[in-house]
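S.K.: Questions regarding the structure given below will be posed in turn.
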Amino acid sequence: MGSIVGLARGQKGVSTAVSAAAPLVADPGDARAPPRPIVVGGIALAGCAAAAASFGLSLSGDYGRAPYVHATIVGWITLSYILCGLIAWWRRPESRFGPLMVAAGFAPALSRLAEANAVGLQTIGEGLLLLPPVLFLHVFLAYPTGCLERRLDRSLVAAGYAAVFGLDLVRALLESAGRHGGADFAKNAQRAAIAAIALGALGALVSRRRSSGRPFRLSLEPLVACFALALVGLGVGIVMLALGAPGTDLVRWIAFGLVGTAPVLLLIGHLRAGLARTAVGDFFVDLRSDPEPSELRDALARALRDPSLALVYWLPEFGTYVDLNGLEVALPGPGEDRAVTLIDRNGAHVAALLHDPSVADERKLLDAVTAAADIALENGRLHAELRARLEELRGSRARIVEAGHQERQRLERNLHDGAQQRLVALSLELSLIENEVDIDSGAKARLDQARREIAASLDELREIARGIHPAVVTGHGLAVALEQLAARADVPVRLTVEVGDRLPEPVEVAGYYVVSESLTNVNKYAKASAATIEVSQTNGLLLVEVTDDGIGGADTERGTGLRGLADRVEALGGRLRVWSPDGGGTRVRAEIPCA
Amino acid sequence: MRVAIAEDSVLLREGLARLLEEAGFDVVALCENADDLLLKVRSFSPDVAIVDIRMPPTHKDEGLRAALEIKSQHPSVGVLVLSQYVEVGLALKLLAESAEGVGYLLKDRISNVKEFAAAVRRVGDGGSALDPTIVSTLLARQRPDDPISQLTPREREVLELMAGGSSNQGIADSLVITLRAVEKYVSSIFGKLGLPSTGSESRRVLAVLLYLRS
């Protein structure tokens with residue numbers, strides 16, 4: 001009886017600890033304190049006593065043909081649950097899981113009282129005969145946190161306790177009223193109900209395994225297998241007992257043997273939980289070294305053991321979540337296989353973690369880690385905000401360049417379809433008139449002169465139109481357009497273009513201007529004897545490089561040409577670099593994203 | 001000689017037709033766009049198709065693509081491409097396979113009725129016509145130590161006409177010299193540039209173009 005008192009005290013102590021454990025990090029002292037050694041020792045001793053008692057009771061009871069087997073199994077279950085439960089309690093005092101295991105360990109010993117020869121003890125024992133299976137299913141449905149987090153799990157366990165105590169009370173009342181038939185019915189109903197609940201619990205465990213994320217699923221796998229077998233055995237055993245079928249003992253032995261193996265697996269789960277605690281410790285060390293915003297995600301991923309973890313920041317001004325680079329991120333919707341944990345700081349929303357749903361099973365770990373990351377998260381948010389602003393700026397610059405491009409394209413088109421066509425038609429008309437009308441040589445000379453004027457106007461218009469927008473790039477691509485630039489240069493140009501297909505028009509146009517502006521500089525300033533143009537495409541970048549062997553010394557800031565080029569290239573997210581040492585030629589290199 | 005015209009500007013399309021008819025051509029088809037041209041080339045099998053390079057719907061490369069398709073589908077039909085701009089890159093693209101029955105001229109050239117009609121006729125007969133702008137652009141950038149610089153002024157004139165697609169007789173007429181003199185100049189030019197002398201007038205257009213471009 002001493003063991004029961006000890007258990008009750010222990011349970012009370014733990015439930016207090018759990019309710020106080022919420023601010024896990026802010027108050028790491030009391031709430032996490034493991035049970036005092038004297039309590040542990042007492043429970044361990046009581047456990048040994050209970051194991052010995054149930055062993056003895058099993059032997060002394062008129063139980064089956066092999067009392068030793070039965071007694072040994074009962075003793076083994078008792079000891080394994082109590083000892084493993086104590087270790088769990090010691091390692092994770094904030095969880096009620098350890099005490100629950102300890103309670104489950106004592107239950108078989110209590111139910112063994114049914115086999116006691118003393119009538120009073122036998123009555124208690126018979127009343128609690130079906131308590132152990134319900135406690136066992138409570139244990140594994142509560143794995144690993146000790147809490148029944150899903151409503152289904154809570155309902156199953158509640159129904160189990162109701163069946164054990166409620167139906168037993170009904171049975172006892174009917175028995176005392178002398179209605180033995182009704183009492184037997186209540187007894188069978190109790191067994192059938194518990195068998196059904198056990199099978200329901202198996203289903204719950206399987207569905208939880210399905211819906212949980214990979215890390216947790218791996219730790220659940222052996223447990224599900226073990227308990228599936230044990231539960232089926234228990235359920236079948238109870239039904240067989242109710243039907244009085246032969247072989248009931250063997251089925252129950254196997255089932256109980258498996259039930260007794262479970263604590264070892266549960267303990268492995270707790271060793272992993274211990275690892276988690278080490279990970280939190282490492283996380284503190286990481287934070288102390290003032291991590292870069294880019295390192296924070298990795299540190300969080302390690303601490304929460306979820307490599308797929310993503311950290312997004314909330315930017316109230318933009319009304320969106322963004323990643324570290326300031327790019328907008330949509331939170332996963334309800335149907336998706338990702339969970340979201342929102343992080344607040346001083347009452348304001350700061351960030352969100354997108355993680356494997358299994359991480360949410362360790363609510364307290366999650367709370368601890370996010371609370372610890374406080375300042376680092378704020379830094380990260382500021383960083384992301386800066387990047388988002390830069391991104392916005394880049395976007396508006398790209399839009400300005402694009403608007404200019406569209407306008408130039410429209411102007412060129414108007415010139416082409418308007419003035420240029422009309423002048424050609426006019427020139428043609430003059431020729432036709434000349435053919436039709438009989439004119440003297442003076443008039444003919446004037447007509448020729450008029451046609452030459454038109455030709456000169458067309459040449460000028462062509463140059464203007466080409467300067468407004470290189471239509472040939474739009475029409476025929478960069479490779480074709482660069483041939484003309486190379487041919488028109490004052491110095492011999494070696495041109496290599498290795499670009500497979502057409503690229504986005506703004507990219508091609510920017511590449512064209514890089515070459516055209518560079519060659520203009522070669523013609524005007526470089527005093528070069530030759531130049532090379534190399535255009536290629538690698539890893540989603542268009543590389544344009546123009547090199548000459550001239551005098552170098554080009555000033556990228558003074559002339560508006562190179563500065564304008566840099567603007568154009570950077571607006572597309574690219575980069576323009578110029579090397580121009582005195583006497584060492586000039587090399588202009590543009591990298592423009594084109595994927 | 002039967003001619004098909006594809007040009008989206010009505011003014012130019014009608015003007016071209018009148019000009020060619022007065023010059024003795026038989027204009028068998030007038031088309032507003034490239035698809036229409038391809039259809040009518042198939043139906044009317046003209047000797048030469050005159051194609052504006054920028055045509056609807058996108059005004060990008062419809063005309064060029066139609067020209068290349070006619071060349072590959074109907075090798076007997078000559079193709080003369082007209083454009084507001086003359087681009088070395090497009091010349092290389094048009095002549096890439098062969099210069100036979102291919103022409104590429106600036107649109108302005110149509111106002112010189114006599115020369116334009118000669119170019120159309122040449123292309124229709126399987127010869128070539130390349131805008132002088134192309135050749136002069138390429139010639140302009142040659143360095144002093146180039147073999148080109150060793151050509152005499154007369155040889156340069158012959159080279160330009162040759163690259164434009166003129167036949168030896170055409171060159172002789174243009175420069176008012178004898179056919180024999182032209183032949184002498186041509187072989188001297190090929191010798192100085194180190195090019196193998198090719199018989200066909202179209203083939204030498206391509207050879208000279210590639211030589212100048214390299």
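Note on naming: chains are A, B, ... as they come in the structure tokens, residues start from 1 per chain, ligands start from 1 in the order shown.
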Can I get the residues of chain B within 8 Å of chain A, each with the closest pair of atoms and their distance in Å to one decimal, using only C-alpha atoms, sorted chain first then ascending number, as CSV?
M.R.:
```
residue,atom,partner,partner_atom,distance
B:Ser9,CA,A:Gln421,CA,7.6
B:Leu11,CA,A:Ala425,CA,6.4
B:Leu12,CA,A:Ala425,CA,5.5
B:Gly15,CA,A:Leu428,CA,6.9
B:Leu16,CA,A:Leu428,CA,7.9
B:Leu19,CA,A:Leu432,CA,6.7
B:His59,CA,A:Gly475,CA,7.6
B:Lys60,CA,A:Gly475,CA,4.0
B:Asp61,CA,A:Gly475,CA,5.1
B:Gln84,CA,A:His416,CA,7.5
B:Tyr85,CA,A:Arg462,CA,7.1
B:Glu87,CA,A:Gln484,CA,5.6
B:Val88,CA,A:Gln484,CA,5.1
B:Gly89,CA,A:Val480,CA,4.3
B:Leu90,CA,A:Val480,CA,6.2
B:Lys93,CA,A:Val480,CA,7.9
B:Lys107,CA,A:Val424,CA,7.0
B:Asp108,CA,A:Val424,CA,5.7
B:Ile110,CA,A:Leu428,CA,6.5
B:Ser111,CA,A:Leu428,CA,4.5
B:Asn112,CA,A:Ser431,CA,7.2
B:Val113,CA,A:Ser431,CA,6.9
B:Thr137,CA,A:Arg488,CA,6.1
B:Leu138,CA,A:Ala487,CA,5.6
B:Ala140,CA,A:Arg488,CA,7.8
B:Arg141,CA,A:Asp490,CA,5.4
B:Gln142,CA,A:Pro492,CA,6.8
B:Arg143,CA,A:Pro492,CA,7.2
B:Arg213,CA,A:Ala487,CA,7.2
B:Ser214,CA,A:Arg494,CA,7.9
```
S.K.: So which residues touch Ser76 (chain B) within 10 Å, counting only C-alpha atoms, skipping near sequence neighbours fewer than 6 positions away, as a list in words?
M.R.: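 The contact residues come out as Ser45, Pro46, Asp47, Val48, Ile70, Glu100, Gly101, Gly124, Asp125 and Gly126 of chain B.
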S.K.: Output N, CA and C atoms for every residue in the selection just made, as a short mmCIF file (atom, residue, chain, number, x, y, z; two decimals), in the first residue's frame.
M.R.:
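out08.cif, freshly written:
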```
data_model
loop_
_atom_site.label_atom_id
_atom_site.label_comp_id
_atom_site.auth_asym_id
_atom_site.auth_seq_id
_atom_site.Cartn_x
_atom_site.Cartn_y
_atom_site.Cartn_z
N SER B 45 3.71 30.27 -108.09
CA SER B 45 5.12 30.04 -108.37
C SER B 45 5.78 31.15 -109.19
N PRO B 46 6.03 32.30 -108.52
CA PRO B 46 6.71 33.41 -109.19
C PRO B 46 8.19 33.09 -109.38
N ASP B 47 8.87 33.89 -110.18
CA ASP B 47 10.33 33.72 -110.33
C ASP B 47 11.06 34.37 -109.17
N VAL B 48 10.44 35.44 -108.63
CA VAL B 48 11.09 36.13 -107.53
C VAL B 48 10.03 36.72 -106.59
N ILE B 70 10.85 30.23 -97.99
CA ILE B 70 10.70 30.13 -99.45
C ILE B 70 11.98 29.52 -100.04
N GLU B 100 22.74 32.03 -103.95
CA GLU B 100 22.02 31.86 -105.22
C GLU B 100 20.56 32.25 -105.08
N GLY B 101 20.13 33.18 -105.93
CA GLY B 101 18.74 33.61 -105.89
C GLY B 101 18.38 34.35 -104.62
N GLY B 124 15.94 36.92 -109.70
CA GLY B 124 15.01 36.00 -110.34
C GLY B 124 15.72 34.98 -111.20
N ASP B 125 16.89 35.36 -111.73
CA ASP B 125 17.65 34.45 -112.58
C ASP B 125 18.61 33.58 -111.78
N GLY B 126 18.54 33.65 -110.44
CA GLY B 126 19.40 32.80 -109.61
C GLY B 126 20.68 33.49 -109.18
#
```
S.K.: Excluding Asp582 (chain A) and residues on its chain fewer than 3 positions from it, collect all residues at most 8 Å away from it, counting only C-alpha atoms, and give them as a ChimeraX atom specification.
M.R.: /A:551-553,585
S.K.: Show me, as a ChimeraX atom specification, the residues that have an atom within 10 Å of region 566-579 of chain A when counting only C-alpha atoms, minus same-chain residues fewer than 4 positions from it.
M.R.: /A:391,393-402,506-507,509-511,513-514,541-547,552-556,560-562,584-594
S.K.: Between A:Ala368, A:Ile87, A:Leu377, A:Ile82, single out the one closest to Leu45 (chain A), counting only C-alpha atoms.
M.R.: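 Using only C-alpha atoms, Leu45 (chain A) sits closest to A:Ile82.
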S.K.: Among the residues of region 346-478 of chain A, find those DSSP assigns to strand (DSSP E) from the backbone and print them as a list in words.
M.R.: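 The strand (DSSP E) residues within region 346-478 of chain A come out as Ala348, His349, Val350, Ala351, Ala352, Leu353, Leu354 and His355 of chain A.
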S.K.: Which residue gives the smallest distance to Ala17 (chain B) among B:Leu39, B:Ala49, B:Leu139, B:Ala96, with only C-alpha atoms counted?
M.R.: B:Ala49
S.K.: Using only C-alpha atoms, which residues sit within 12 Å of Val3 (chain B) once same-chain residues fewer than 5 positions away are excluded, as an NGL selection string?
M.R.: :B and (16-21 or 23-31 or 37 or 40-41 or 44-51 or 77-80 or 117 or 120-121 or 123-125)
S.K.: Would you mind exporting the chosen residues as a short mmCIF file (atom, residue, chain, number, x, y, z; two decimals), in the first residue's frame, restricted to N, CA and C atoms?
M.R.:
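What landed in again.cif:
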```cif
data_model
loop_
_atom_site.label_atom_id
_atom_site.label_comp_id
_atom_site.auth_asym_id
_atom_site.auth_seq_id
_atom_site.Cartn_x
_atom_site.Cartn_y
_atom_site.Cartn_z
N LEU B 16 5.53 49.87 -105.70
CA LEU B 16 6.45 48.85 -106.20
C LEU B 16 5.85 48.11 -107.39
N ALA B 17 4.56 47.77 -107.26
CA ALA B 17 3.89 47.02 -108.32
C ALA B 17 3.89 47.83 -109.61
N ARG B 18 3.55 49.13 -109.47
CA ARG B 18 3.51 49.98 -110.67
C ARG B 18 4.89 50.07 -111.31
N LEU B 19 5.89 50.30 -110.45
CA LEU B 19 7.26 50.43 -110.92
C LEU B 19 7.71 49.18 -111.70
N LEU B 20 7.44 48.01 -111.09
CA LEU B 20 7.90 46.77 -111.72
C LEU B 20 7.14 46.48 -113.00
N GLU B 21 5.83 46.79 -112.99
CA GLU B 21 5.05 46.55 -114.21
C GLU B 21 5.54 47.44 -115.35
N ALA B 23 8.46 48.44 -115.64
CA ALA B 23 9.78 47.95 -116.05
C ALA B 23 9.66 46.60 -116.76
N GLY B 24 8.44 46.15 -117.01
CA GLY B 24 8.25 44.94 -117.80
C GLY B 24 8.08 43.67 -117.00
N PHE B 25 7.89 43.77 -115.70
CA PHE B 25 7.69 42.55 -114.90
C PHE B 25 6.21 42.22 -114.85
N ASP B 26 5.94 40.94 -114.57
CA ASP B 26 4.56 40.50 -114.43
C ASP B 26 4.31 40.29 -112.93
N VAL B 27 3.58 41.26 -112.30
CA VAL B 27 3.34 41.16 -110.85
C VAL B 27 2.16 40.23 -110.62
N VAL B 28 2.44 39.04 -110.08
CA VAL B 28 1.39 38.03 -109.96
C VAL B 28 0.72 38.03 -108.59
N ALA B 29 1.37 38.58 -107.58
CA ALA B 29 0.75 38.54 -106.24
C ALA B 29 1.17 39.75 -105.42
N LEU B 30 0.17 40.34 -104.72
CA LEU B 30 0.45 41.43 -103.77
C LEU B 30 -0.01 40.94 -102.40
N CYS B 31 0.90 40.92 -101.43
CA CYS B 31 0.56 40.33 -100.13
C CYS B 31 0.82 41.34 -99.02
N LEU B 37 1.99 35.62 -98.28
CA LEU B 37 3.05 35.46 -99.28
C LEU B 37 3.35 33.98 -99.50
N LYS B 40 0.73 32.41 -101.53
CA LYS B 40 0.68 32.81 -102.94
C LYS B 40 1.90 32.35 -103.71
N VAL B 41 3.03 32.20 -103.03
CA VAL B 41 4.22 31.67 -103.70
C VAL B 41 3.92 30.23 -104.13
N PHE B 44 1.16 30.60 -107.11
CA PHE B 44 1.50 31.27 -108.37
C PHE B 44 2.90 31.00 -108.88
N SER B 45 3.71 30.27 -108.09
CA SER B 45 5.12 30.04 -108.37
C SER B 45 5.78 31.15 -109.19
N PRO B 46 6.03 32.30 -108.52
CA PRO B 46 6.71 33.41 -109.19
C PRO B 46 8.19 33.09 -109.38
N ASP B 47 8.87 33.89 -110.18
CA ASP B 47 10.33 33.72 -110.33
C ASP B 47 11.06 34.37 -109.17
N VAL B 48 10.44 35.44 -108.63
CA VAL B 48 11.09 36.13 -107.53
C VAL B 48 10.03 36.72 -106.59
N ALA B 49 10.36 36.62 -105.27
CA ALA B 49 9.47 37.21 -104.27
C ALA B 49 10.20 38.36 -103.60
N ILE B 50 9.54 39.52 -103.57
CA ILE B 50 10.13 40.69 -102.91
C ILE B 50 9.48 40.82 -101.54
N VAL B 51 10.30 40.75 -100.49
CA VAL B 51 9.74 40.63 -99.13
C VAL B 51 10.24 41.77 -98.24
N VAL B 77 12.55 29.69 -106.56
CA VAL B 77 12.04 31.06 -106.42
C VAL B 77 13.12 31.94 -105.79
N GLY B 78 13.49 33.00 -106.49
CA GLY B 78 14.44 33.95 -105.92
C GLY B 78 13.78 34.79 -104.84
N VAL B 79 14.56 35.21 -103.84
CA VAL B 79 14.01 36.00 -102.75
C VAL B 79 14.80 37.29 -102.61
N LEU B 80 14.10 38.41 -102.69
CA LEU B 80 14.76 39.70 -102.51
C LEU B 80 14.17 40.37 -101.27
N ALA B 117 15.45 47.34 -110.87
CA ALA B 117 14.89 46.34 -111.79
C ALA B 117 15.97 45.32 -112.17
N VAL B 120 16.34 42.92 -109.29
CA VAL B 120 15.23 41.95 -109.23
C VAL B 120 15.42 40.88 -110.29
N ARG B 121 15.80 41.31 -111.45
CA ARG B 121 15.98 40.37 -112.55
C ARG B 121 17.11 39.38 -112.23
N VAL B 123 18.23 38.44 -109.28
CA VAL B 123 17.82 37.48 -108.24
C VAL B 123 16.87 36.45 -108.83
N GLY B 124 15.94 36.92 -109.70
CA GLY B 124 15.01 36.00 -110.34
C GLY B 124 15.72 34.98 -111.20
N ASP B 125 16.89 35.36 -111.73
CA ASP B 125 17.65 34.45 -112.58
C ASP B 125 18.61 33.58 -111.78
#
```
S.K.: Could you jot down the CA of Ile194 (chain A) to CA of Gly160 (chain A) separation for me, Å, one decimal place?
M.R.: 6.1 Å
S.K.: What does the distance between CA of Ile254 (chain A) and CA of Thr72 (chain A) come to in Å, to one decimal place?
M.R.: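 Spanning CA of Ile254 (chain A) to CA of Thr72 (chain A) is a straight-line distance of 12.4 Å.
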